[in-house]
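One file, structure00.cif, carrying mmCIF, C-alpha atoms and all ligand atoms:
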data_upload
#
loop_
_atom_site.label_atom_id
_atom_site.label_comp_id
_atom_site.auth_asym_id
_atom_site.auth_seq_id
_atom_site.Cartn_x
_atom_site.Cartn_y
_atom_site.Cartn_z
CA MET Q 865 -11.46 5.76 10.04
CA GLN Q 866 -13.22 3.89 7.28
CA ARG Q 867 -13.52 0.19 7.95
CA CYS Q 868 -13.67 -1.45 4.57
CA ALA Q 869 -12.95 -4.84 5.82
CA LEU Q 870 -10.29 -6.82 4.30
CA LEU Q 871 -11.14 -8.51 7.52
CA GLU Q 872 -12.36 -6.97 10.75
CA SER Q 873 -10.82 -7.61 14.15
CA THR Q 874 -12.94 -8.93 16.98
CA ALA Q 875 -12.15 -7.35 20.32
CA SER Q 876 -13.63 -9.22 23.28
CA SER Q 877 -15.94 -7.18 25.45
CA PRO Q 878 -14.63 -6.89 29.05
CA ILE Q 879 -18.11 -7.95 30.24
CA LEU Q 880 -17.36 -11.38 28.85
CA TYR Q 881 -14.77 -11.96 31.57
CA HIS Q 882 -17.55 -12.01 34.20
CA LEU Q 883 -19.47 -14.64 32.29
CA ILE Q 884 -16.64 -17.13 31.91
CA PRO Q 885 -16.39 -19.39 34.95
CA ASN Q 886 -12.68 -20.03 34.64
CA PRO Q 887 -10.60 -18.46 37.43
CA HIS Q 888 -7.39 -18.65 35.42
CA PHE Q 889 -9.10 -16.84 32.58
CA LEU Q 890 -10.34 -14.18 34.99
CA LEU Q 891 -6.81 -13.53 36.22
CA THR Q 892 -5.28 -13.43 32.74
CA PRO Q 893 -7.83 -12.17 30.24
CA PRO Q 894 -6.90 -12.90 26.63
CA HIS Q 895 -4.98 -10.08 25.02
CA PRO Q 896 -3.03 -9.79 21.77
CA MET Q 897 0.52 -10.95 22.31
CA VAL Q 898 1.77 -8.70 19.57
CA ARG Q 899 0.27 -6.06 17.29
CA ALA Q 900 1.69 -4.32 14.24
CA PHE Q 901 0.45 -1.74 11.75
CA ALA Q 902 1.56 -1.08 8.17
CA PRO Q 903 0.27 1.79 6.02
CA GLY Q 904 -1.18 1.60 2.54
CA LYS Q 905 0.24 3.62 -0.34
CA CYS Q 906 -0.78 5.83 -3.20
CA ILE Q 907 1.16 6.42 -6.42
CA LEU Q 908 1.62 10.14 -7.08
CA PHE Q 909 3.48 9.84 -10.40
CA GLY Q 910 4.74 7.22 -12.83
CA GLU Q 911 2.18 4.39 -12.78
CA HIS Q 912 2.38 2.31 -15.98
CA ALA Q 913 5.59 4.13 -17.04
CA VAL Q 914 7.37 2.23 -14.22
CA VAL Q 915 6.58 -1.03 -16.06
CA TYR Q 916 8.80 0.33 -18.89
CA GLY Q 917 11.73 1.19 -16.59
CA HIS Q 918 10.76 4.79 -15.76
CA PRO Q 919 10.49 5.92 -12.12
CA ALA Q 920 7.33 5.80 -10.01
CA VAL Q 921 6.75 7.97 -6.93
CA ALA Q 922 4.61 6.55 -4.13
CA VAL Q 923 3.74 7.88 -0.69
CA ALA Q 924 2.62 6.00 2.42
CA ILE Q 925 -0.87 7.02 3.57
CA ASP Q 926 -2.36 7.22 7.07
CA SER Q 927 -4.75 4.27 6.68
CA GLY Q 928 -3.43 0.76 6.61
CA VAL Q 929 -3.67 -2.74 8.03
CA GLU Q 930 -3.31 -3.82 11.67
CA VAL Q 931 -2.45 -7.39 12.62
CA SER Q 932 -2.72 -8.90 16.10
CA LEU Q 933 -1.41 -12.32 17.00
CA THR Q 934 -2.43 -14.25 20.12
CA GLU Q 935 -1.27 -17.72 21.15
CA SER Q 936 -4.18 -20.11 20.91
CA ASP Q 937 -5.23 -23.78 20.81
CA SER Q 938 -5.79 -23.77 17.07
CA TRP Q 939 -4.75 -21.80 14.00
CA THR Q 940 -7.37 -19.19 13.05
CA ILE Q 941 -7.57 -16.08 10.92
CA GLU Q 942 -10.50 -13.77 11.54
CA GLY Q 943 -12.21 -16.52 13.52
CA MET Q 944 -11.99 -19.05 10.67
CA ALA Q 945 -9.64 -22.00 10.37
CA PHE Q 946 -6.33 -20.85 8.85
CA ASP Q 947 -5.62 -22.54 5.53
CA SER Q 948 -2.04 -21.98 4.29
CA TRP Q 949 -3.09 -22.43 0.68
CA ARG Q 950 -5.61 -19.62 0.89
CA HIS Q 951 -3.08 -17.24 2.46
CA PRO Q 952 0.21 -17.90 0.62
CA HIS Q 953 1.83 -14.61 1.66
CA ILE Q 954 1.09 -15.24 5.35
CA SER Q 955 2.33 -18.83 5.30
CA HIS Q 956 5.44 -17.71 3.38
CA ILE Q 957 6.26 -15.19 6.13
CA LEU Q 958 5.51 -17.67 8.92
CA TYR Q 959 7.30 -20.73 7.62
CA ASP Q 960 9.73 -19.80 4.80
CA VAL Q 961 11.02 -16.55 6.29
CA PHE Q 962 10.72 -16.96 10.09
CA GLU Q 963 10.61 -20.80 10.26
CA TYR Q 964 7.88 -20.52 12.92
CA GLU Q 965 7.47 -23.63 15.06
CA GLY Q 966 5.62 -22.11 18.03
CA PRO Q 967 2.07 -22.73 19.26
CA PRO Q 968 -0.94 -22.09 16.99
CA LEU Q 969 -1.86 -18.45 16.55
CA LYS Q 970 -5.14 -16.59 16.48
CA MET Q 971 -4.62 -13.95 13.78
CA ASP Q 972 -6.85 -10.87 13.66
CA ILE Q 973 -6.65 -8.36 10.85
CA SER Q 974 -8.26 -4.96 10.66
CA SER Q 975 -8.02 -2.81 7.54
CA GLY Q 976 -8.80 0.85 6.95
CA LEU Q 977 -8.10 0.53 3.22
CA PHE Q 978 -10.46 -0.07 0.33
CA SER Q 979 -9.44 -3.45 -1.04
CA ALA Q 980 -8.55 -4.07 -4.71
CA ALA Q 981 -8.41 -0.29 -5.08
CA GLY Q 982 -4.69 0.24 -5.75
CA LEU Q 983 -3.95 1.31 -2.17
CA GLY Q 984 -1.56 -1.55 -1.45
CA SER Q 985 -3.74 -3.43 1.05
CA SER Q 986 -2.06 -6.75 0.27
CA ALA Q 987 1.44 -5.29 0.77
CA ALA Q 988 0.33 -3.61 4.01
CA LEU Q 989 -0.98 -6.95 5.26
CA SER Q 990 2.31 -8.69 4.38
CA ASN Q 991 4.34 -5.98 6.10
CA ALA Q 992 2.18 -5.84 9.23
CA MET Q 993 2.25 -9.65 9.47
CA GLY Q 994 6.06 -9.63 9.01
CA ALA Q 995 6.44 -7.01 11.76
CA ALA Q 996 4.09 -8.87 14.13
CA ILE Q 997 5.84 -12.21 13.66
CA HIS Q 998 9.25 -10.54 13.99
CA SER Q 999 8.12 -9.04 17.29
CA LEU Q 1000 6.77 -12.41 18.47
CA MET Q 1001 9.90 -14.38 17.60
CA ARG Q 1002 12.60 -11.79 18.25
CA PRO Q 1003 11.24 -9.77 21.20
CA GLY Q 1004 13.25 -6.67 21.96
CA GLU Q 1005 15.08 -6.77 18.62
CA THR Q 1006 14.80 -3.59 16.55
CA LEU Q 1007 12.59 -3.82 13.53
CA ASP Q 1008 14.60 -3.15 10.36
CA SER Q 1009 12.30 -1.53 7.80
CA VAL Q 1010 14.48 -2.51 4.83
CA GLU Q 1011 14.48 -6.15 5.96
CA LEU Q 1012 10.71 -5.95 6.30
CA ALA Q 1013 10.34 -4.36 2.86
CA ARG Q 1014 12.30 -7.32 1.44
CA ILE Q 1015 10.20 -9.84 3.39
CA GLY Q 1016 6.98 -8.15 2.24
CA HIS Q 1017 8.17 -8.10 -1.38
CA SER Q 1018 9.08 -11.79 -1.32
CA ALA Q 1019 5.64 -12.58 0.18
CA GLU Q 1020 3.89 -10.57 -2.55
CA ALA Q 1021 5.95 -12.34 -5.23
CA LYS Q 1022 5.07 -15.72 -3.71
CA ALA Q 1023 1.36 -14.87 -3.77
CA GLN Q 1024 1.42 -13.38 -7.29
CA GLY Q 1025 3.14 -16.09 -9.32
CA GLY Q 1026 6.60 -14.54 -9.05
CA ARG Q 1027 5.58 -11.13 -10.41
CA ALA Q 1028 5.55 -8.19 -8.00
CA SER Q 1029 7.03 -4.74 -8.09
CA PRO Q 1030 8.53 -3.62 -4.75
CA THR Q 1031 6.64 -0.28 -4.89
CA ASP Q 1032 3.79 -1.10 -2.48
CA THR Q 1033 5.87 -3.02 0.07
CA ALA Q 1034 8.70 -0.43 0.05
CA ALA Q 1035 6.34 2.54 0.52
CA SER Q 1036 4.50 0.71 3.30
CA ALA Q 1037 7.67 -0.45 5.08
CA LEU Q 1038 9.77 2.70 4.76
CA GLY Q 1039 6.97 5.27 4.94
CA GLY Q 1040 7.33 8.80 3.54
CA CYS Q 1041 7.88 9.29 -0.18
CA VAL Q 1042 9.51 6.46 -2.12
CA VAL Q 1043 10.88 6.42 -5.67
CA VAL Q 1044 11.12 3.06 -7.44
CA SER Q 1045 13.01 2.82 -10.71
CA ALA Q 1046 15.27 0.63 -12.81
CA LYS Q 1047 18.16 2.90 -11.76
CA LYS Q 1048 18.79 5.55 -9.09
CA VAL Q 1049 16.98 8.81 -9.83
CA GLU Q 1050 18.86 12.09 -9.50
CA GLY Q 1051 17.94 14.13 -6.42
CA THR Q 1052 16.83 11.09 -4.39
CA ARG Q 1053 18.44 9.20 -1.48
CA HIS Q 1054 19.28 5.57 -2.25
CA ILE Q 1055 17.89 3.12 0.35
CA PHE Q 1056 18.27 -0.37 -1.12
CA ASP Q 1057 18.17 -2.43 -4.30
CA ALA Q 1058 15.68 -5.20 -4.94
CA SER Q 1059 15.68 -7.96 -7.52
CA LEU Q 1060 13.32 -10.76 -8.39
CA GLU Q 1061 13.45 -13.82 -10.64
CA THR Q 1062 10.18 -13.49 -12.56
CA PRO Q 1063 8.78 -15.87 -15.18
CA GLU Q 1064 10.04 -13.30 -17.74
CA GLY Q 1065 13.59 -13.17 -16.31
CA LYS Q 1066 15.40 -11.27 -13.58
CA ARG Q 1067 14.19 -7.77 -12.73
CA ASN Q 1068 16.11 -5.18 -10.72
CA TRP Q 1069 14.93 -2.05 -8.96
CA SER Q 1070 16.55 0.80 -7.10
CA ILE Q 1071 14.48 2.04 -4.15
CA CYS Q 1072 15.15 5.61 -3.10
CA LYS Q 1073 13.52 8.19 -0.85
CA VAL Q 1074 12.72 11.86 -1.21
CA ASP Q 1075 12.51 13.94 1.96
CA LEU Q 1076 9.44 16.16 1.89
CA PRO Q 1077 10.05 19.62 3.38
CA ALA Q 1078 8.47 20.18 6.81
CA GLU Q 1079 6.51 23.15 5.44
CA PHE Q 1080 4.76 20.90 2.90
CA ASP Q 1081 1.33 21.72 4.28
CA ALA Q 1082 -1.27 19.86 2.23
CA SER Q 1083 -3.34 16.69 2.41
CA LEU Q 1084 -4.24 13.96 0.00
CA VAL Q 1085 -7.83 12.96 -0.60
CA LEU Q 1086 -8.33 9.60 -2.24
CA GLY Q 1087 -11.59 8.87 -3.99
CA PHE Q 1088 -12.61 5.27 -4.55
CA THR Q 1089 -14.85 4.62 -7.56
CA GLY Q 1090 -16.24 1.49 -5.90
CA VAL Q 1091 -14.95 -0.60 -8.81
CA GLY Q 1092 -11.92 -2.87 -8.43
CA SER Q 1093 -8.69 -1.96 -10.21
CA PRO Q 1094 -7.51 -4.94 -12.29
CA THR Q 1095 -3.76 -4.24 -12.45
CA GLY Q 1096 -2.84 -7.18 -14.72
CA ASP Q 1097 -5.55 -6.36 -17.29
CA MET Q 1098 -4.69 -2.67 -17.34
CA VAL Q 1099 -0.94 -3.35 -17.82
CA ALA Q 1100 -1.76 -5.81 -20.63
CA GLY Q 1101 -4.10 -3.23 -22.23
CA VAL Q 1102 -1.35 -0.62 -22.30
CA ALA Q 1103 1.09 -3.13 -23.84
CA LYS Q 1104 -1.45 -3.87 -26.60
CA LEU Q 1105 -2.08 -0.16 -27.23
CA LEU Q 1106 1.66 0.53 -27.54
CA ALA Q 1107 2.04 -2.35 -30.02
CA GLU Q 1108 -0.88 -1.08 -32.13
CA GLU Q 1109 -0.11 2.64 -31.82
CA PRO Q 1110 3.68 3.05 -31.32
CA GLU Q 1111 3.26 6.85 -31.25
CA ARG Q 1112 1.73 6.38 -27.76
CA HIS Q 1113 5.30 5.76 -26.50
CA ALA Q 1114 5.45 9.58 -26.47
CA ASP Q 1115 2.94 9.50 -23.60
CA MET Q 1116 5.24 7.19 -21.63
CA SER Q 1117 8.21 9.54 -22.15
CA ALA Q 1118 5.97 12.46 -21.18
CA ILE Q 1119 4.97 10.68 -17.95
CA ALA Q 1120 8.68 10.12 -17.18
CA ASN Q 1121 9.34 13.88 -17.65
CA ILE Q 1122 6.28 14.81 -15.57
CA THR Q 1123 7.47 12.46 -12.81
CA GLN Q 1124 10.86 14.19 -12.73
CA ALA Q 1125 9.16 17.62 -12.61
CA GLY Q 1126 6.79 16.36 -9.89
CA LEU Q 1127 9.73 15.09 -7.83
CA THR Q 1128 11.56 18.42 -8.08
CA ALA Q 1129 8.37 20.23 -7.02
CA LEU Q 1130 7.82 17.80 -4.11
CA SER Q 1131 11.39 18.30 -2.82
CA ALA Q 1132 10.96 22.08 -3.06
CA GLY Q 1133 7.56 21.98 -1.34
CA ASN Q 1134 5.99 23.73 -4.35
CA LEU Q 1135 2.36 22.61 -4.02
CA ARG Q 1136 1.12 24.35 -7.14
CA ALA Q 1137 3.82 22.76 -9.29
CA VAL Q 1138 3.11 19.31 -7.79
CA GLY Q 1139 -0.59 19.81 -8.58
CA MET Q 1140 0.15 20.88 -12.16
CA ALA Q 1141 2.28 17.78 -12.63
CA MET Q 1142 -0.56 15.62 -11.27
CA ASP Q 1143 -3.04 17.18 -13.73
CA ALA Q 1144 -0.61 16.66 -16.62
CA CYS Q 1145 0.00 13.05 -15.56
CA HIS Q 1146 -3.75 12.35 -15.56
CA GLU Q 1147 -4.02 13.62 -19.16
CA ARG Q 1148 -1.28 11.26 -20.31
CA LEU Q 1149 -2.87 8.36 -18.47
CA GLN Q 1150 -6.15 9.19 -20.24
CA ALA Q 1151 -4.26 9.07 -23.54
CA LEU Q 1152 -3.05 5.59 -22.56
CA GLN Q 1153 -6.71 4.65 -22.04
CA VAL Q 1154 -6.38 3.65 -18.40
CA SER Q 1155 -8.79 6.20 -16.97
CA SER Q 1156 -12.56 5.62 -16.83
CA PRO Q 1157 -15.66 7.86 -16.78
CA ALA Q 1158 -15.99 7.27 -13.03
CA LEU Q 1159 -12.33 8.21 -12.36
CA ASP Q 1160 -12.61 11.29 -14.62
CA ALA Q 1161 -15.78 12.39 -12.81
CA LEU Q 1162 -14.08 12.21 -9.39
CA VAL Q 1163 -10.97 14.01 -10.71
CA GLU Q 1164 -13.16 16.79 -12.17
CA ALA Q 1165 -15.15 17.08 -8.92
CA ALA Q 1166 -11.97 17.43 -6.83
CA ARG Q 1167 -10.10 19.91 -9.06
CA PRO Q 1168 -11.84 23.22 -8.15
CA HIS Q 1169 -10.64 22.81 -4.52
CA SER Q 1170 -7.29 21.10 -5.21
CA PHE Q 1171 -3.78 21.89 -6.41
CA GLY Q 1172 -4.13 18.93 -8.76
CA ALA Q 1173 -5.83 15.57 -9.17
CA LYS Q 1174 -5.27 12.34 -11.10
CA LEU Q 1175 -6.07 8.66 -11.11
CA THR Q 1176 -3.69 6.63 -8.95
CA GLY Q 1177 -2.46 3.10 -9.60
CA ALA Q 1178 -3.48 0.88 -12.47
CA GLY Q 1179 -6.74 2.69 -13.36
CA GLY Q 1180 -9.79 1.18 -14.99
CA GLY Q 1181 -11.42 1.54 -11.55
CA GLY Q 1182 -9.79 1.89 -8.17
CA CYS Q 1183 -8.95 5.36 -6.88
CA MET Q 1184 -8.07 8.90 -7.84
CA VAL Q 1185 -6.03 11.21 -5.65
CA ALA Q 1186 -6.17 14.97 -5.10
CA LEU Q 1187 -3.61 17.24 -3.41
CA THR Q 1188 -5.36 19.97 -1.44
CA ASP Q 1189 -5.30 22.38 1.49
CA ASP Q 1190 -9.07 21.92 1.94
CA PRO Q 1191 -9.50 18.17 2.41
CA GLN Q 1192 -13.03 18.37 3.87
CA ARG Q 1193 -14.31 20.27 0.83
CA VAL Q 1194 -12.65 17.86 -1.60
CA SER Q 1195 -14.00 14.93 0.38
CA GLU Q 1196 -17.54 16.31 0.06
CA ALA Q 1197 -17.10 16.97 -3.66
CA ILE Q 1198 -15.92 13.39 -4.18
CA GLU Q 1199 -18.86 12.01 -2.20
CA ILE Q 1200 -21.36 14.11 -4.17
CA ALA Q 1201 -19.80 12.82 -7.42
CA GLY Q 1202 -20.43 9.24 -6.26
CA GLY Q 1203 -17.01 8.33 -4.82
CA ARG Q 1204 -15.87 7.17 -1.38
CA PRO Q 1205 -13.32 9.61 0.04
CA LEU Q 1206 -10.37 8.91 2.33
CA ILE Q 1207 -8.26 11.77 3.70
CA SER Q 1208 -4.56 11.24 4.39
CA SER Q 1209 -1.44 13.15 5.16
CA LEU Q 1210 1.30 12.96 2.56
CA GLY Q 1211 3.99 10.43 3.37
CA ALA Q 1212 2.81 8.78 6.59
CA LYS Q 1213 5.12 6.77 8.90
CA GLY Q 1214 6.07 3.27 7.77
CA VAL Q 1215 5.41 -0.14 9.37
CA ARG Q 1216 5.60 -0.33 13.17
CA THR Q 1217 4.76 -2.54 16.11
CA LEU Q 1218 2.09 -1.27 18.52
CA ASP Q 1219 2.11 -1.43 22.32
O1 LIG Q 1301 -2.97 -0.15 -8.77
P1 LIG Q 1301 -1.67 -0.70 -8.29
O2 LIG Q 1301 -1.28 -0.20 -6.96
O3 LIG Q 1301 -1.59 -2.17 -8.43
O4 LIG Q 1301 -0.55 -0.04 -9.20
C1 LIG Q 1301 -0.16 -0.57 -10.39
C2 LIG Q 1301 0.95 0.27 -10.95
C3 LIG Q 1301 1.31 -0.14 -12.35
O5 LIG Q 1301 2.36 0.72 -12.74
C4 LIG Q 1301 0.15 0.05 -13.30
C5 LIG Q 1301 1.77 -1.59 -12.43
C6 LIG Q 1301 3.09 -1.90 -11.76
O6 LIG Q 1301 3.40 -3.10 -11.61
O7 LIG Q 1301 3.84 -0.98 -11.41
#

Let me see the file written as structure tokens.
Amino acid sequence: MQRCALLESTASSPILYHLIPNPHFLLTPPHPMVRAFAPGKCILFGEHAVVYGHPAVAVAIDSGVEVSLTESDSWTIEGMAFDSWRHPHISHILYDVFEYEGPPLKMDISSGLFSAAGLGSSAALSNAMGAAIHSLMRPGETLDSVELARIGHSAEAKAQGGRASPTDTAASALGGCVVVSAKKVEGTRHIFDASLETPEGKRNWSICKVDLPAEFDASLVLGFTGVGSPTGDMVAGVAKLLAEEPERHADMSAIANITQAGLTALSAGNLRAVGMAMDACHERLQALQVSSPALDALVEAARPHSFGAKLTGAGGGGCMVALTDDPQRVSEAIEIAGGRPLISSLGAKGVRTLD
């Protein structure tokens, strides 16, 4: 697994136990009290169009964020003093949601996701932290993924000035394939509704799932350009383009139609049709000027060995994604073209505690 540290965990070497002259310590070596893992996500269809009320389709990926919490003498995160102000989503989960009043915690975080790459690393951290604290405070109680999705979303909103779509947190909490839209999309299974008071007024979303057929035998390969994906700037750029060139609204409607076609193909397990929809979606995103030469180069490199490929997320930088039955070959092609590949299954399991 790639270790592109958000923050890396520090496991103590067992040899250390022999060097510490504390008999109590020798009998009870330090171990994480609780551990939880939450996956990242990748948007297959509908990025940018979802800002205008159309649906977006996201899948959970295999890589994600693991959190371990151990009781300690002082509050630390990754070996450094924990400062609530620097980690608003974590302090929101600890104090606002769970009203934690227990002993200080040593928090270790290990990430297998590229950060600021549109893979939902922040949402995965919020969800894994929520699951770990839930397990610490309510031992033995079943983890409710919808409750966690809501907790994660509220933490993201807290950390992002009241503006956060539930896409990343829902995909990471629920796992599988998630559809987020202003209203329920035909052919999907409704899971829950989310709403948020934003600085621009109240926003509502319907979160649904699509069950992928068992015979859906293909992998995703993500390719990171190495450049961060500035979501806010890209969304603002699209808004400006639409104001200056209203005819570009046709691209938004086209993306909505492609998303619907992609969803039908996903439900039917039709890999070629999913790939065609991905290619078509990339073209429309190029027309909206959110692709980049680096993203286009990785998409082109992946295509000869893929059913389809497109940028994923906000664009400008970040990642592209390819659907393929030859992930090693696509991975190599992406690497040769200058990208950093990450192979994943399609629709990984959602957030969970670890033994
Ligand atoms: O790159 P990400 O994961 O932040 O995706 C952004 C998706 C957008 O549709 C561009 C913005 C949004 O809020 O949905």

Could you list the protein, DNA and RNA residues that have any atom within 10 Å of ligand LIG 1301 (chain Q), counting all atoms listed in the file, and write them as a PyMOL selection string?
chain Q and resi 904-907+909-920+922+980-987+1027-1032+1044-1045+1092-1100+1102+1154+1175-1183

Please produce a file of those selected residues containing C-alpha atoms, as a PDB file, in the frame of the given file.
ATOM      1  CA  GLY Q 904      -1.180   1.600   2.540  1.00  0.00           C
ATOM      2  CA  LYS Q 905       0.240   3.620  -0.340  1.00  0.00           C
ATOM      3  CA  CYS Q 906      -0.780   5.830  -3.200  1.00  0.00           C
ATOM      4  CA  ILE Q 907       1.160   6.420  -6.420  1.00  0.00           C
ATOM      5  CA  PHE Q 909       3.480   9.840 -10.400  1.00  0.00           C
ATOM      6  CA  GLY Q 910       4.740   7.220 -12.830  1.00  0.00           C
ATOM      7  CA  GLU Q 911       2.180   4.390 -12.780  1.00  0.00           C
ATOM      8  CA  HIS Q 912       2.380   2.310 -15.980  1.00  0.00           C
ATOM      9  CA  ALA Q 913       5.590   4.130 -17.040  1.00  0.00           C
ATOM     10  CA  VAL Q 914       7.370   2.230 -14.220  1.00  0.00           C
ATOM     11  CA  VAL Q 915       6.580  -1.030 -16.060  1.00  0.00           C
ATOM     12  CA  TYR Q 916       8.800   0.330 -18.890  1.00  0.00           C
ATOM     13  CA  GLY Q 917      11.730   1.190 -16.590  1.00  0.00           C
ATOM     14  CA  HIS Q 918      10.760   4.790 -15.760  1.00  0.00           C
ATOM     15  CA  PRO Q 919      10.490   5.920 -12.120  1.00  0.00           C
ATOM     16  CA  ALA Q 920       7.330   5.800 -10.010  1.00  0.00           C
ATOM     17  CA  ALA Q 922       4.610   6.550  -4.130  1.00  0.00           C
ATOM     18  CA  ALA Q 980      -8.550  -4.070  -4.710  1.00  0.00           C
ATOM     19  CA  ALA Q 981      -8.410  -0.290  -5.080  1.00  0.00           C
ATOM     20  CA  GLY Q 982      -4.690   0.240  -5.750  1.00  0.00           C
ATOM     21  CA  LEU Q 983      -3.950   1.310  -2.170  1.00  0.00           C
ATOM     22  CA  GLY Q 984      -1.560  -1.550  -1.450  1.00  0.00           C
ATOM     23  CA  SER Q 985      -3.740  -3.430   1.050  1.00  0.00           C
ATOM     24  CA  SER Q 986      -2.060  -6.750   0.270  1.00  0.00           C
ATOM     25  CA  ALA Q 987       1.440  -5.290   0.770  1.00  0.00           C
ATOM     26  CA  ARG Q1027       5.580 -11.130 -10.410  1.00  0.00           C
ATOM     27  CA  ALA Q1028       5.550  -8.190  -8.000  1.00  0.00           C
ATOM     28  CA  SER Q1029       7.030  -4.740  -8.090  1.00  0.00           C
ATOM     29  CA  PRO Q1030       8.530  -3.620  -4.750  1.00  0.00           C
ATOM     30  CA  THR Q1031       6.640  -0.280  -4.890  1.00  0.00           C
ATOM     31  CA  ASP Q1032       3.790  -1.100  -2.480  1.00  0.00           C
ATOM     32  CA  VAL Q1044      11.120   3.060  -7.440  1.00  0.00           C
ATOM     33  CA  SER Q1045      13.010   2.820 -10.710  1.00  0.00           C
ATOM     34  CA  GLY Q1092     -11.920  -2.870  -8.430  1.00  0.00           C
ATOM     35  CA  SER Q1093      -8.690  -1.960 -10.210  1.00  0.00           C
ATOM     36  CA  PRO Q1094      -7.510  -4.940 -12.290  1.00  0.00           C
ATOM     37  CA  THR Q1095      -3.760  -4.240 -12.450  1.00  0.00           C
ATOM     38  CA  GLY Q1096      -2.840  -7.180 -14.720  1.00  0.00           C
ATOM     39  CA  ASP Q1097      -5.550  -6.360 -17.290  1.00  0.00           C
ATOM     40  CA  MET Q1098      -4.690  -2.670 -17.340  1.00  0.00           C
ATOM     41  CA  VAL Q1099      -0.940  -3.350 -17.820  1.00  0.00           C
ATOM     42  CA  ALA Q1100      -1.760  -5.810 -20.630  1.00  0.00           C
ATOM     43  CA  VAL Q1102      -1.350  -0.620 -22.300  1.00  0.00           C
ATOM     44  CA  VAL Q1154      -6.380   3.650 -18.400  1.00  0.00           C
ATOM     45  CA  LEU Q1175      -6.070   8.660 -11.110  1.00  0.00           C
ATOM     46  CA  THR Q1176      -3.690   6.630  -8.950  1.00  0.00           C
ATOM     47  CA  GLY Q1177      -2.460   3.100  -9.600  1.00  0.00           C
ATOM     48  CA  ALA Q1178      -3.480   0.880 -12.470  1.00  0.00           C
ATOM     49  CA  GLY Q1179      -6.740   2.690 -13.360  1.00  0.00           C
ATOM     50  CA  GLY Q1180      -9.790   1.180 -14.990  1.00  0.00           C
ATOM     51  CA  GLY Q1181     -11.420   1.540 -11.550  1.00  0.00           C
ATOM     52  CA  GLY Q1182      -9.790   1.890  -8.170  1.00  0.00           C
ATOM     53  CA  CYS Q1183      -8.950   5.360  -6.880  1.00  0.00           C
TER      54      CYS Q1183
END

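You can rank Q:Val1042, Q:Ala1023, Q:Val898, Q:Leu908 by their closest distance to Met971 of chain Q using all atoms listed in the file, and at the top of that list sits Q:Val898.
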
Can you sort out the box for segment 990-994 of chain Q, edges along x, y and z, all listed atoms in, 8 Å on every side, with centre and edge lengths in Å to one decimal, as AutoDock Vina command-line options?
--center_x 4.1 --center_y -7.7 --center_z 6.9 --size_x 19.9 --size_y 19.8 --size_z 21.1

Skip segment 1210-1212 of chain Q itself and residues of its chain fewer than 5 positions away, then list as number ranges by chain all residues within 9 Å of it, counting only C-alpha atoms.
Q: 903, 905, 922-927, 1035-1036, 1039-1042, 1076, 1080-1084, 1187

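All protein, DNA and RNA residues at most 7 Å from (11.7, 3.6, 1.4) are Ala1034, Ala1035, Ala1037, Leu1038, Gly1039, Val1042, Ile1055, Ile1071, Cys1072 and Lys1073 of chain Q, using only C-alpha atoms.
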
Query raised in the report: At most 10 Å from (8.0, -6.2, 2.8), file frame, only C-alpha atoms: which residues, as number ranges by chain?
Result: Q: 902, 957, 987-995, 1009-1020, 1030-1038, 1215

If you count all atoms listed in the file, the residue of Q:Leu1162, Q:Ala1107, Q:Ala1144, Q:Ala1151 closest to Asn1121 of chain Q turns out to be Q:Ala1144

The residue from Q:Val929, Q:Leu1000, Q:Cys1145, Q:Ala1078 with the smallest atom-to-atom distance to Phe962 of chain Q, counting only C-alpha atoms, is Q:Leu1000
